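> Coordinates in upload.cif, mmCIF, C-alpha atoms, are listed below.
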data_target
loop_
_atom_site.group_PDB
_atom_site.id
_atom_site.type_symbol
_atom_site.label_atom_id
_atom_site.label_comp_id
_atom_site.auth_asym_id
_atom_site.auth_seq_id
_atom_site.Cartn_x
_atom_site.Cartn_y
_atom_site.Cartn_z
ATOM 1 C CA MET A 510 118.126 81.018 70.136
ATOM 2 C CA ARG A 511 119.685 80.552 66.684
ATOM 3 C CA ASP A 512 121.348 77.219 67.582
ATOM 4 C CA ASP A 513 118.110 76.006 69.169
ATOM 5 C CA LEU A 514 116.370 76.374 65.794
ATOM 6 C CA ALA A 515 118.893 74.283 63.843
ATOM 7 C CA PRO A 516 116.526 71.285 63.520
ATOM 8 C CA ALA A 517 113.485 73.466 62.765
ATOM 9 C CA VAL A 518 111.570 72.955 59.525
ATOM 10 C CA TRP A 519 111.275 76.273 57.675
ATOM 11 C CA GLN A 520 108.262 76.898 55.450
ATOM 12 C CA LYS A 521 107.342 79.524 52.875
ATOM 13 C CA SER A 522 103.828 80.659 52.149
ATOM 14 C CA THR A 523 102.041 78.829 49.369
ATOM 15 C CA TYR A 524 101.401 82.320 47.951
ATOM 16 C CA SER A 525 105.145 82.948 47.526
ATOM 17 C CA SER A 526 106.728 82.785 44.110
ATOM 18 C CA ASN A 527 110.071 81.104 43.470
ATOM 19 C CA GLN A 528 111.879 84.438 43.115
ATOM 20 C CA GLY A 529 113.258 84.464 46.678
ATOM 21 C CA GLN A 530 111.329 87.571 47.752
ATOM 22 C CA CYS A 531 109.645 86.113 50.823
ATOM 23 C CA VAL A 532 109.976 85.180 54.445
ATOM 24 C CA GLU A 533 110.164 81.723 55.959
ATOM 25 C CA VAL A 534 108.477 80.629 59.177
ATOM 26 C CA ALA A 535 109.362 77.831 61.580
ATOM 27 C CA GLN A 536 107.189 76.673 64.459
ATOM 28 C CA TRP A 537 108.970 75.594 67.609
ATOM 29 C CA PRO A 538 107.423 74.768 70.998
ATOM 30 C CA GLY A 539 105.946 78.090 72.137
ATOM 31 C CA VAL A 540 107.864 80.085 69.523
ATOM 32 C CA CYS A 541 107.391 81.146 65.937
ATOM 33 C CA ALA A 542 110.578 82.129 64.129
ATOM 34 C CA VAL A 543 110.647 84.280 60.985
ATOM 35 C CA ARG A 544 113.601 84.845 58.630
ATOM 36 C CA ASP A 545 114.396 86.274 55.203
ATOM 37 C CA SER A 546 114.455 83.496 52.608
ATOM 38 C CA LYS A 547 117.286 85.271 50.738
ATOM 39 C CA ASN A 548 119.496 85.165 53.838
ATOM 40 C CA PRO A 549 118.730 82.009 55.844
ATOM 41 C CA ALA A 550 121.911 82.426 57.910
ATOM 42 C CA GLY A 551 120.923 85.978 58.864
ATOM 43 C CA ALA A 552 118.794 87.391 61.637
ATOM 44 C CA VAL A 553 115.762 85.541 62.974
ATOM 45 C CA LEU A 554 112.763 87.237 64.543
ATOM 46 C CA SER A 555 111.359 85.042 67.313
ATOM 47 C CA ILE A 556 107.909 85.698 68.755
ATOM 48 C CA THR A 557 105.503 83.654 70.826
ATOM 49 C CA THR A 558 102.964 81.484 69.052
ATOM 50 C CA THR A 559 100.247 83.643 70.645
ATOM 51 C CA GLU A 560 101.751 86.783 69.098
ATOM 52 C CA TRP A 561 102.058 85.012 65.725
ATOM 53 C CA ALA A 562 98.405 83.949 65.857
ATOM 54 C CA ALA A 563 97.363 87.552 66.604
ATOM 55 C CA PHE A 564 99.494 88.829 63.710
ATOM 56 C CA THR A 565 98.160 86.324 61.174
ATOM 57 C CA SER A 566 94.586 87.010 62.316
ATOM 58 C CA GLY A 567 95.196 90.720 61.799
ATOM 59 C CA VAL A 568 96.568 90.103 58.300
ATOM 60 C CA GLN A 569 93.557 87.983 57.383
ATOM 61 C CA ALA A 570 91.215 90.672 58.742
ATOM 62 C CA GLY A 571 92.919 93.361 56.644
ATOM 63 C CA GLU A 572 94.182 95.345 59.628
ATOM 64 C CA PHE A 573 97.494 96.195 57.934
ATOM 65 C CA SER A 574 96.330 97.401 54.538
#
Just dump the structure as structure tokens.


Amino acid sequence: MRDDLAPAVWQKSTYSSNQGQCVEVAQWPGVCAVRDSKNPAGAVLSITTTEWAAFTSGVQAGEFS
């Protein structure tokens, strides 16, 4: 999967500061990839776009506080 994401465009949240303490997300057909911005060559968590949508909805609804 890692090589498949080579052309992906990684994005940080607009809420992130420039101190490198955040995650980056890349959308790929059917997949959402997440990585540590401090270690872009490290591990990547890949989940379906449906799972990502459920996660972000849960965050917005305050389910994880």

> Specify as a compact mmCIF listing (two decimals) with C-alpha atoms, in the coordinates of the input each residue included when the PyMOL selection byres ((chain A and resi 522) around 9) is applied to this file.


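As a result, out_18.txt now contains:
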# COMPACT_ATOMS: atom_id res chain seq x y z
CA GLN A 520 108.26 76.90 55.45
CA LYS A 521 107.34 79.52 52.88
CA THR A 523 102.04 78.83 49.37
CA TYR A 524 101.40 82.32 47.95
CA SER A 525 105.14 82.95 47.53
CA SER A 526 106.73 82.78 44.11
CA CYS A 531 109.64 86.11 50.82
CA VAL A 532 109.98 85.18 54.44
CA GLU A 533 110.16 81.72 55.96
CA VAL A 534 108.48 80.63 59.18

> Which is closest to Asn548 in chain A among A:Gln536, A:Gly571, A:Ala563, A:Gln530, if we use only C-alpha atoms?

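Selected residue with least distance to Asn548 in chain A: A:Gln530.
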
> So, with all atoms listed in the file as the atoms that count, which of A:Ser566, A:Thr559, A:Ser574, A:Asn527 lies closest to Cys541 in chain A?

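Residue with the minimum atom-to-atom distance to Cys541 in chain A: A:Thr559.
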
> As an exercise, work out the distance from CA of Ser555 in chain A to CA of Ala542 in chain A in Å and give it to one decimal place.

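So the answer is 4.4 Å.
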
> What separation in Å, quoted to one decimal, exists between CA of Lys547 in chain A and CA of Gln528 in chain A?

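We find that CA of Lys547 in chain A and CA of Gln528 in chain A lie 9.4 Å from each other.
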
> Work out how far apart CA of Ala517 in chain A and CA of Val568 in chain A are and give it in Å to one decimal.

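We find that CA of Ala517 in chain A and CA of Val568 in chain A lie 24.1 Å from each other.
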
> Measuring between all atoms listed in the file, which one of A:Trp537, A:Asp545, A:Trp519, A:Leu514 shows the shortest distance to Trp561 in chain A?

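Among A:Trp537, A:Asp545, A:Trp519, A:Leu514, it is A:Trp537 that comes nearest to Trp561 in chain A.
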